[in-house]
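J.: Compact mmCIF, N, CA and C atoms, saved as work.txt, coming up:
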```txt
# COMPACT_ATOMS: atom_id res chain seq x y z
N MET O 1 -7.88 5.78 -9.06
CA MET O 1 -6.48 6.07 -8.87
C MET O 1 -5.75 4.77 -8.53
N TYR O 2 -4.56 4.64 -9.06
CA TYR O 2 -3.76 3.45 -8.86
C TYR O 2 -2.41 3.82 -8.27
N LEU O 3 -1.74 2.83 -7.71
CA LEU O 3 -0.36 3.03 -7.27
C LEU O 3 0.49 3.24 -8.50
N GLN O 4 1.42 4.16 -8.40
CA GLN O 4 2.33 4.42 -9.50
C GLN O 4 3.75 4.48 -8.97
N GLY O 5 4.68 4.08 -9.79
CA GLY O 5 6.07 4.25 -9.43
C GLY O 5 6.70 3.04 -8.76
N ASN O 6 7.48 3.30 -7.75
CA ASN O 6 8.35 2.32 -7.13
C ASN O 6 7.65 1.57 -5.99
N LEU O 7 7.14 0.38 -6.29
CA LEU O 7 6.46 -0.42 -5.28
C LEU O 7 7.40 -0.81 -4.15
N GLN O 8 8.66 -1.01 -4.46
CA GLN O 8 9.63 -1.39 -3.42
C GLN O 8 9.76 -0.29 -2.38
N ALA O 9 9.77 0.96 -2.80
CA ALA O 9 9.87 2.08 -1.85
C ALA O 9 8.66 2.11 -0.92
N ILE O 10 7.49 1.86 -1.47
CA ILE O 10 6.27 1.86 -0.66
C ILE O 10 6.32 0.70 0.32
N PHE O 11 6.70 -0.48 -0.18
CA PHE O 11 6.82 -1.65 0.70
C PHE O 11 7.82 -1.38 1.82
N ASP O 12 8.99 -0.83 1.47
CA ASP O 12 10.01 -0.56 2.48
C ASP O 12 9.49 0.38 3.56
N ALA O 13 8.79 1.42 3.16
CA ALA O 13 8.23 2.37 4.13
C ALA O 13 7.25 1.67 5.05
N LEU O 14 6.35 0.89 4.48
CA LEU O 14 5.36 0.17 5.29
C LEU O 14 6.02 -0.86 6.20
N TYR O 15 7.05 -1.51 5.71
CA TYR O 15 7.77 -2.50 6.51
C TYR O 15 8.44 -1.84 7.71
N HIS O 16 9.13 -0.74 7.46
CA HIS O 16 9.80 -0.03 8.55
C HIS O 16 8.82 0.54 9.57
N MET O 17 7.62 0.79 9.14
CA MET O 17 6.58 1.31 10.04
C MET O 17 5.87 0.19 10.79
N GLY O 18 6.18 -1.06 10.49
CA GLY O 18 5.57 -2.19 11.19
C GLY O 18 4.19 -2.57 10.68
N VAL O 19 3.87 -2.18 9.46
CA VAL O 19 2.54 -2.45 8.89
C VAL O 19 2.47 -3.83 8.24
N ILE O 20 3.55 -4.29 7.65
CA ILE O 20 3.52 -5.50 6.82
C ILE O 20 3.19 -6.76 7.62
N ASP O 21 3.88 -7.01 8.71
CA ASP O 21 3.67 -8.27 9.45
C ASP O 21 2.23 -8.46 9.90
N PRO O 22 1.57 -7.47 10.50
CA PRO O 22 0.17 -7.67 10.88
C PRO O 22 -0.75 -7.93 9.68
N VAL O 23 -0.44 -7.33 8.54
CA VAL O 23 -1.26 -7.54 7.34
C VAL O 23 -1.12 -8.98 6.85
N LEU O 24 0.06 -9.54 6.98
CA LEU O 24 0.27 -10.92 6.55
C LEU O 24 -0.55 -11.90 7.38
N GLU O 25 -0.91 -11.52 8.59
CA GLU O 25 -1.65 -12.39 9.49
C GLU O 25 -3.16 -12.19 9.43
N MET O 26 -3.61 -11.16 8.75
CA MET O 26 -5.05 -10.87 8.76
C MET O 26 -5.81 -11.61 7.66
N ASP O 27 -7.12 -11.67 7.82
CA ASP O 27 -8.03 -12.25 6.83
C ASP O 27 -8.29 -11.19 5.76
N TRP O 28 -7.62 -11.32 4.62
CA TRP O 28 -7.72 -10.31 3.58
C TRP O 28 -9.12 -10.23 2.99
N GLY O 29 -9.79 -11.36 2.87
CA GLY O 29 -11.14 -11.35 2.32
C GLY O 29 -12.06 -10.46 3.12
N GLN O 30 -12.04 -10.62 4.41
CA GLN O 30 -12.88 -9.81 5.29
C GLN O 30 -12.46 -8.33 5.23
N ALA O 31 -11.16 -8.09 5.26
CA ALA O 31 -10.66 -6.71 5.22
C ALA O 31 -11.05 -6.02 3.91
N LEU O 32 -10.89 -6.72 2.80
CA LEU O 32 -11.21 -6.12 1.50
C LEU O 32 -12.71 -5.89 1.34
N ASP O 33 -13.53 -6.72 1.98
CA ASP O 33 -14.98 -6.50 1.96
C ASP O 33 -15.34 -5.18 2.63
N GLN O 34 -14.55 -4.76 3.59
CA GLN O 34 -14.82 -3.53 4.34
C GLN O 34 -14.15 -2.31 3.71
N MET O 35 -13.36 -2.52 2.70
CA MET O 35 -12.57 -1.45 2.12
C MET O 35 -13.42 -0.33 1.53
N ASP O 36 -14.55 -0.65 0.94
CA ASP O 36 -15.39 0.39 0.32
C ASP O 36 -15.77 1.48 1.30
N ALA O 37 -15.93 1.12 2.56
CA ALA O 37 -16.30 2.11 3.58
C ALA O 37 -15.16 3.10 3.83
N HIS O 38 -13.95 2.76 3.42
CA HIS O 38 -12.79 3.61 3.64
C HIS O 38 -12.19 4.11 2.34
N ALA O 39 -12.98 4.13 1.29
CA ALA O 39 -12.46 4.47 -0.04
C ALA O 39 -11.88 5.88 -0.10
N ASP O 40 -12.52 6.84 0.52
CA ASP O 40 -12.00 8.22 0.46
C ASP O 40 -10.61 8.31 1.08
N GLU O 41 -10.45 7.70 2.24
CA GLU O 41 -9.15 7.73 2.92
C GLU O 41 -8.12 6.94 2.12
N PHE O 42 -8.54 5.83 1.52
CA PHE O 42 -7.62 5.03 0.70
C PHE O 42 -7.12 5.83 -0.50
N PHE O 43 -8.00 6.57 -1.16
CA PHE O 43 -7.57 7.39 -2.29
C PHE O 43 -6.64 8.51 -1.84
N ARG O 44 -6.86 9.03 -0.64
CA ARG O 44 -5.95 10.05 -0.10
C ARG O 44 -4.56 9.47 0.10
N VAL O 45 -4.48 8.26 0.67
CA VAL O 45 -3.17 7.66 0.92
C VAL O 45 -2.48 7.32 -0.40
N LEU O 46 -3.24 6.89 -1.41
CA LEU O 46 -2.64 6.64 -2.72
C LEU O 46 -2.03 7.91 -3.30
N ASN O 47 -2.72 9.01 -3.16
CA ASN O 47 -2.21 10.29 -3.64
C ASN O 47 -0.91 10.66 -2.95
N VAL O 48 -0.87 10.48 -1.63
CA VAL O 48 0.35 10.78 -0.86
C VAL O 48 1.50 9.89 -1.32
N VAL O 49 1.23 8.60 -1.44
CA VAL O 49 2.27 7.64 -1.83
C VAL O 49 2.80 7.95 -3.22
N ASN O 50 1.91 8.24 -4.14
CA ASN O 50 2.34 8.51 -5.51
C ASN O 50 3.17 9.78 -5.62
N SER O 51 3.06 10.68 -4.65
CA SER O 51 3.81 11.93 -4.75
C SER O 51 5.02 12.00 -3.81
N HIS O 52 5.25 10.98 -2.96
CA HIS O 52 6.36 11.05 -2.01
C HIS O 52 7.29 9.84 -2.06
N GLN O 53 7.33 9.11 -3.12
CA GLN O 53 8.12 7.88 -3.18
C GLN O 53 9.62 8.10 -3.25
N ASP O 54 10.06 9.25 -3.67
CA ASP O 54 11.48 9.48 -3.89
C ASP O 54 12.27 9.65 -2.59
N ASP O 55 11.58 9.89 -1.49
CA ASP O 55 12.24 10.13 -0.21
C ASP O 55 11.58 9.25 0.85
N LEU O 56 12.26 8.18 1.25
CA LEU O 56 11.69 7.20 2.18
C LEU O 56 11.28 7.85 3.50
N GLU O 57 12.12 8.73 4.03
CA GLU O 57 11.80 9.38 5.31
C GLU O 57 10.55 10.26 5.18
N GLU O 58 10.48 11.02 4.11
CA GLU O 58 9.32 11.88 3.87
C GLU O 58 8.06 11.03 3.66
N LEU O 59 8.21 9.92 2.95
CA LEU O 59 7.08 9.03 2.72
C LEU O 59 6.57 8.48 4.05
N MET O 60 7.47 8.03 4.91
CA MET O 60 7.04 7.48 6.20
C MET O 60 6.39 8.56 7.07
N LEU O 61 6.93 9.76 7.07
CA LEU O 61 6.32 10.85 7.83
C LEU O 61 4.90 11.13 7.33
N SER O 62 4.73 11.12 6.03
CA SER O 62 3.41 11.36 5.45
C SER O 62 2.44 10.23 5.76
N LEU O 63 2.93 8.99 5.74
CA LEU O 63 2.07 7.84 6.00
C LEU O 63 1.64 7.77 7.47
N LYS O 64 2.44 8.30 8.37
CA LYS O 64 2.10 8.26 9.80
C LYS O 64 0.84 9.06 10.11
N LYS O 65 0.39 9.86 9.18
CA LYS O 65 -0.84 10.66 9.38
C LYS O 65 -2.10 9.81 9.18
N PHE O 66 -1.94 8.60 8.67
CA PHE O 66 -3.08 7.73 8.37
C PHE O 66 -3.25 6.67 9.45
N ASP O 67 -4.47 6.19 9.61
CA ASP O 67 -4.72 5.15 10.61
C ASP O 67 -4.23 3.80 10.11
N ASN O 68 -4.16 2.84 11.02
CA ASN O 68 -3.63 1.52 10.69
C ASN O 68 -4.46 0.79 9.65
N LYS O 69 -5.77 0.98 9.67
CA LYS O 69 -6.63 0.31 8.70
C LYS O 69 -6.31 0.78 7.29
N THR O 70 -6.15 2.07 7.12
CA THR O 70 -5.82 2.62 5.80
C THR O 70 -4.46 2.13 5.34
N LEU O 71 -3.49 2.09 6.24
CA LEU O 71 -2.16 1.60 5.90
C LEU O 71 -2.20 0.12 5.57
N SER O 72 -3.07 -0.62 6.23
CA SER O 72 -3.23 -2.04 5.90
C SER O 72 -3.77 -2.22 4.49
N TYR O 73 -4.76 -1.41 4.12
CA TYR O 73 -5.28 -1.47 2.76
C TYR O 73 -4.19 -1.13 1.75
N LEU O 74 -3.37 -0.16 2.08
CA LEU O 74 -2.26 0.20 1.20
C LEU O 74 -1.30 -0.98 1.04
N ALA O 75 -0.98 -1.64 2.13
CA ALA O 75 -0.08 -2.80 2.07
C ALA O 75 -0.68 -3.91 1.21
N MET O 76 -1.98 -4.14 1.34
CA MET O 76 -2.63 -5.15 0.51
C MET O 76 -2.59 -4.76 -0.96
N GLU O 77 -2.76 -3.49 -1.24
CA GLU O 77 -2.71 -3.01 -2.63
C GLU O 77 -1.30 -3.17 -3.19
N VAL O 78 -0.29 -2.89 -2.40
CA VAL O 78 1.10 -3.09 -2.85
C VAL O 78 1.31 -4.57 -3.19
N ALA O 79 0.82 -5.45 -2.34
CA ALA O 79 0.97 -6.90 -2.58
C ALA O 79 0.24 -7.31 -3.86
N ARG O 80 -0.96 -6.78 -4.06
CA ARG O 80 -1.71 -7.12 -5.29
C ARG O 80 -0.99 -6.61 -6.53
N GLU O 81 -0.43 -5.41 -6.45
CA GLU O 81 0.30 -4.85 -7.59
C GLU O 81 1.55 -5.68 -7.89
N TYR O 82 2.27 -6.10 -6.83
CA TYR O 82 3.43 -6.97 -7.03
C TYR O 82 3.02 -8.27 -7.71
N ALA O 83 1.95 -8.87 -7.21
CA ALA O 83 1.48 -10.14 -7.78
C ALA O 83 1.08 -9.95 -9.24
N ASP O 84 0.39 -8.87 -9.55
CA ASP O 84 -0.02 -8.60 -10.93
C ASP O 84 1.20 -8.40 -11.82
N TYR O 85 2.16 -7.65 -11.34
CA TYR O 85 3.38 -7.39 -12.10
C TYR O 85 4.11 -8.70 -12.40
N HIS O 86 4.28 -9.53 -11.38
CA HIS O 86 5.02 -10.78 -11.57
C HIS O 86 4.25 -11.77 -12.44
N SER O 87 2.93 -11.74 -12.38
CA SER O 87 2.16 -12.65 -13.24
C SER O 87 2.28 -12.20 -14.69
N ARG O 88 2.35 -10.91 -14.96
CA ARG O 88 2.54 -10.43 -16.33
C ARG O 88 3.93 -10.79 -16.85
N GLU O 89 4.94 -10.72 -15.97
CA GLU O 89 6.30 -11.06 -16.39
C GLU O 89 6.42 -12.52 -16.78
N THR O 90 5.73 -13.40 -16.08
CA THR O 90 5.83 -14.83 -16.38
C THR O 90 5.08 -15.21 -17.64
N LEU O 91 4.16 -14.37 -18.08
CA LEU O 91 3.41 -14.65 -19.29
C LEU O 91 4.18 -14.28 -20.54
N HIS O 92 5.19 -13.44 -20.42
CA HIS O 92 5.92 -12.97 -21.60
C HIS O 92 7.20 -13.69 -21.77
```
Show me the file's structure as structure tokens.
T.:
Amino acid sequence: MYLQGNLQAIFDALYHMGVIDPVLEMDWGQALDQMDAHADEFFRVLNVVNSHQDDLEELMLSLKKFDNKTLSYLAMEVAREYADYHSRETLH
């Protein structure tokens, strides 16, 4: 399962929840190495995000049900998707 839809809405929700700044300071290599152990929860959060992007308040309420580690993985995935999108744009 992949992130779908409006990455900006997901980023905005995570930013307002205070998730983004701590993620920017963490060691992503180490965190991503541990991600497999949280794959089930990560896929759950992707499902929630993909179905609640149209309403920022509803999205944030739904995301508050997840722990900080899962939300951090989501923030990293949003960043990777942004980077992938922008790298494709510069190639064309």
J.: Compare O:Leu24, O:His38, O:Asp54, O:Asn47 by their minimum atom-to-atom distance to Ala9 (chain O), counting only N, CA and C atoms, and give me the closest one.
T.: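 Selected residue with least distance to Ala9 (chain O): O:Asp54.
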J.: Nearest to Val48 (chain O): which of O:Gln8, O:Leu63, O:Ala83, O:Asp21 is it, counting all atoms listed in the file?
T.: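 Among the listed residues, O:Leu63 lies closest to Val48 (chain O).
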J.: Could you work out how far CA of Tyr73 (chain O) lies from atom C of Asp33 (chain O), giving the answer in Å with one decimal?
T.: 10.7 Å
J.: What gap, in Å, lies between CA of Ile20 (chain O) and CA of Ala79 (chain O)?
T.: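 For CA of Ile20 (chain O) relative to CA of Ala79 (chain O), the distance reads 9.8 Å.
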J.: What parts of region 24-80 of chain O does DSSP call helix (DSSP H, G or I)? I'd like the answer as an MDAnalysis selection string.
T.: chainID O and resid 24:25 28:33 35:51 56:63 68:80
J.: Using the structure block above, produce a file of region 52-65 of chain O that contains all heavy atoms, as a PDB file, in the first residue's frame.
T.:
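The resulting selection-v9.pdb:
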```pdb
ATOM      1  N   HIS O  52      -8.930   9.764   4.634  1.00  0.00           N
ATOM      2  CA  HIS O  52      -9.389  10.935   5.389  1.00  0.00           C
ATOM      3  C   HIS O  52      -8.695  12.235   4.983  1.00  0.00           C
ATOM      4  O   HIS O  52      -8.697  13.203   5.747  1.00  0.00           O
ATOM      5  CB  HIS O  52      -9.146  10.720   6.894  1.00  0.00           C
ATOM      6  CG  HIS O  52     -10.053   9.725   7.514  1.00  0.00           C
ATOM      7  ND1 HIS O  52      -9.733   8.397   7.583  1.00  0.00           N
ATOM      8  CD2 HIS O  52     -11.270   9.861   8.077  1.00  0.00           C
ATOM      9  CE1 HIS O  52     -10.710   7.756   8.177  1.00  0.00           C
ATOM     10  NE2 HIS O  52     -11.654   8.616   8.492  1.00  0.00           N
ATOM     11  N   GLN O  53      -8.140  12.332   3.821  1.00  0.00           N
ATOM     12  CA  GLN O  53      -7.376  13.513   3.432  1.00  0.00           C
ATOM     13  C   GLN O  53      -8.216  14.746   3.157  1.00  0.00           C
ATOM     14  O   GLN O  53      -7.707  15.867   3.211  1.00  0.00           O
ATOM     15  CB  GLN O  53      -6.552  13.214   2.177  1.00  0.00           C
ATOM     16  CG  GLN O  53      -5.472  12.236   2.391  1.00  0.00           C
ATOM     17  CD  GLN O  53      -4.778  11.952   1.087  1.00  0.00           C
ATOM     18  OE1 GLN O  53      -4.702  12.799   0.208  1.00  0.00           O
ATOM     19  NE2 GLN O  53      -4.261  10.754   0.958  1.00  0.00           N
ATOM     20  N   ASP O  54      -9.471  14.584   2.863  1.00  0.00           N
ATOM     21  CA  ASP O  54     -10.300  15.714   2.453  1.00  0.00           C
ATOM     22  C   ASP O  54     -10.685  16.629   3.612  1.00  0.00           C
ATOM     23  O   ASP O  54     -11.139  17.741   3.391  1.00  0.00           O
ATOM     24  CB  ASP O  54     -11.566  15.216   1.752  1.00  0.00           C
ATOM     25  CG  ASP O  54     -11.247  14.491   0.459  1.00  0.00           C
ATOM     26  OD1 ASP O  54     -10.209  14.803  -0.152  1.00  0.00           O
ATOM     27  OD2 ASP O  54     -12.024  13.613   0.068  1.00  0.00           O
ATOM     28  N   ASP O  55     -10.520  16.158   4.843  1.00  0.00           N
ATOM     29  CA  ASP O  55     -10.910  16.937   6.016  1.00  0.00           C
ATOM     30  C   ASP O  55      -9.750  16.927   7.007  1.00  0.00           C
ATOM     31  O   ASP O  55      -9.499  15.922   7.671  1.00  0.00           O
ATOM     32  CB  ASP O  55     -12.170  16.320   6.630  1.00  0.00           C
ATOM     33  CG  ASP O  55     -12.697  17.099   7.813  1.00  0.00           C
ATOM     34  OD1 ASP O  55     -11.967  17.939   8.383  1.00  0.00           O
ATOM     35  OD2 ASP O  55     -13.859  16.845   8.193  1.00  0.00           O
ATOM     36  N   LEU O  56      -9.040  18.053   7.105  1.00  0.00           N
ATOM     37  CA  LEU O  56      -7.844  18.138   7.941  1.00  0.00           C
ATOM     38  C   LEU O  56      -8.144  17.805   9.399  1.00  0.00           C
ATOM     39  O   LEU O  56      -7.390  17.068  10.041  1.00  0.00           O
ATOM     40  CB  LEU O  56      -7.216  19.530   7.831  1.00  0.00           C
ATOM     41  CG  LEU O  56      -5.895  19.741   8.559  1.00  0.00           C
ATOM     42  CD1 LEU O  56      -4.809  18.830   8.002  1.00  0.00           C
ATOM     43  CD2 LEU O  56      -5.479  21.195   8.480  1.00  0.00           C
ATOM     44  N   GLU O  57      -9.250  18.315   9.923  1.00  0.00           N
ATOM     45  CA  GLU O  57      -9.598  18.046  11.328  1.00  0.00           C
ATOM     46  C   GLU O  57      -9.863  16.557  11.553  1.00  0.00           C
ATOM     47  O   GLU O  57      -9.393  15.974  12.534  1.00  0.00           O
ATOM     48  CB  GLU O  57     -10.818  18.876  11.747  1.00  0.00           C
ATOM     49  CG  GLU O  57     -10.553  20.360  11.798  1.00  0.00           C
ATOM     50  CD  GLU O  57      -9.487  20.743  12.818  1.00  0.00           C
ATOM     51  OE1 GLU O  57      -9.448  20.152  13.904  1.00  0.00           O
ATOM     52  OE2 GLU O  57      -8.679  21.624  12.499  1.00  0.00           O
ATOM     53  N   GLU O  58     -10.609  15.958  10.649  1.00  0.00           N
ATOM     54  CA  GLU O  58     -10.909  14.523  10.752  1.00  0.00           C
ATOM     55  C   GLU O  58      -9.628  13.701  10.620  1.00  0.00           C
ATOM     56  O   GLU O  58      -9.428  12.717  11.334  1.00  0.00           O
ATOM     57  CB  GLU O  58     -11.920  14.111   9.683  1.00  0.00           C
ATOM     58  CG  GLU O  58     -12.293  12.650   9.712  1.00  0.00           C
ATOM     59  CD  GLU O  58     -13.066  12.239  10.960  1.00  0.00           C
ATOM     60  OE1 GLU O  58     -13.786  13.077  11.526  1.00  0.00           O
ATOM     61  OE2 GLU O  58     -12.928  11.072  11.364  1.00  0.00           O
ATOM     62  N   LEU O  59      -8.752  14.118   9.714  1.00  0.00           N
ATOM     63  CA  LEU O  59      -7.483  13.426   9.534  1.00  0.00           C
ATOM     64  C   LEU O  59      -6.663  13.476  10.815  1.00  0.00           C
ATOM     65  O   LEU O  59      -6.146  12.454  11.275  1.00  0.00           O
ATOM     66  CB  LEU O  59      -6.703  14.041   8.372  1.00  0.00           C
ATOM     67  CG  LEU O  59      -5.330  13.456   8.091  1.00  0.00           C
ATOM     68  CD1 LEU O  59      -5.391  11.962   7.803  1.00  0.00           C
ATOM     69  CD2 LEU O  59      -4.675  14.207   6.926  1.00  0.00           C
ATOM     70  N   MET O  60      -6.567  14.645  11.429  1.00  0.00           N
ATOM     71  CA  MET O  60      -5.787  14.764  12.666  1.00  0.00           C
ATOM     72  C   MET O  60      -6.407  13.945  13.798  1.00  0.00           C
ATOM     73  O   MET O  60      -5.683  13.295  14.560  1.00  0.00           O
ATOM     74  CB  MET O  60      -5.629  16.227  13.075  1.00  0.00           C
ATOM     75  CG  MET O  60      -4.683  16.983  12.159  1.00  0.00           C
ATOM     76  SD  MET O  60      -4.190  18.623  12.729  1.00  0.00           S
ATOM     77  CE  MET O  60      -5.732  19.473  12.831  1.00  0.00           C
ATOM     78  N   LEU O  61      -7.722  13.953  13.907  1.00  0.00           N
ATOM     79  CA  LEU O  61      -8.382  13.132  14.928  1.00  0.00           C
ATOM     80  C   LEU O  61      -8.075  11.650  14.718  1.00  0.00           C
ATOM     81  O   LEU O  61      -7.821  10.916  15.680  1.00  0.00           O
ATOM     82  CB  LEU O  61      -9.894  13.351  14.916  1.00  0.00           C
ATOM     83  CG  LEU O  61     -10.404  14.637  15.534  1.00  0.00           C
ATOM     84  CD1 LEU O  61     -11.898  14.797  15.278  1.00  0.00           C
ATOM     85  CD2 LEU O  61     -10.113  14.653  17.025  1.00  0.00           C
ATOM     86  N   SER O  62      -8.097  11.224  13.481  1.00  0.00           N
ATOM     87  CA  SER O  62      -7.804   9.817  13.176  1.00  0.00           C
ATOM     88  C   SER O  62      -6.343   9.479  13.450  1.00  0.00           C
ATOM     89  O   SER O  62      -6.034   8.399  13.950  1.00  0.00           O
ATOM     90  CB  SER O  62      -8.138   9.517  11.718  1.00  0.00           C
ATOM     91  OG  SER O  62      -9.510   9.688  11.488  1.00  0.00           O
ATOM     92  N   LEU O  63      -5.437  10.404  13.144  1.00  0.00           N
ATOM     93  CA  LEU O  63      -4.014  10.154  13.353  1.00  0.00           C
ATOM     94  C   LEU O  63      -3.645  10.122  14.834  1.00  0.00           C
ATOM     95  O   LEU O  63      -2.688   9.444  15.224  1.00  0.00           O
ATOM     96  CB  LEU O  63      -3.179  11.207  12.628  1.00  0.00           C
ATOM     97  CG  LEU O  63      -3.173  11.111  11.113  1.00  0.00           C
ATOM     98  CD1 LEU O  63      -2.388  12.277  10.514  1.00  0.00           C
ATOM     99  CD2 LEU O  63      -2.615   9.780  10.644  1.00  0.00           C
ATOM    100  N   LYS O  64      -4.390  10.823  15.666  1.00  0.00           N
ATOM    101  CA  LYS O  64      -4.098  10.846  17.106  1.00  0.00           C
ATOM    102  C   LYS O  64      -4.251   9.474  17.753  1.00  0.00           C
ATOM    103  O   LYS O  64      -3.770   9.258  18.859  1.00  0.00           O
ATOM    104  CB  LYS O  64      -4.984  11.867  17.814  1.00  0.00           C
ATOM    105  CG  LYS O  64      -4.567  13.284  17.521  1.00  0.00           C
ATOM    106  CD  LYS O  64      -5.439  14.280  18.239  1.00  0.00           C
ATOM    107  CE  LYS O  64      -4.993  15.694  17.853  1.00  0.00           C
ATOM    108  NZ  LYS O  64      -5.766  16.718  18.527  1.00  0.00           N
ATOM    109  N   LYS O  65      -4.858   8.547  17.055  1.00  0.00           N
ATOM    110  CA  LYS O  65      -5.039   7.183  17.580  1.00  0.00           C
ATOM    111  C   LYS O  65      -3.760   6.357  17.454  1.00  0.00           C
ATOM    112  O   LYS O  65      -3.673   5.273  18.011  1.00  0.00           O
ATOM    113  CB  LYS O  65      -6.178   6.484  16.844  1.00  0.00           C
ATOM    114  CG  LYS O  65      -7.504   7.168  17.029  1.00  0.00           C
ATOM    115  CD  LYS O  65      -8.578   6.541  16.175  1.00  0.00           C
ATOM    116  CE  LYS O  65      -9.870   7.337  16.282  1.00  0.00           C
ATOM    117  NZ  LYS O  65     -10.882   6.867  15.349  1.00  0.00           N
TER     118      LYS O  65
END
```
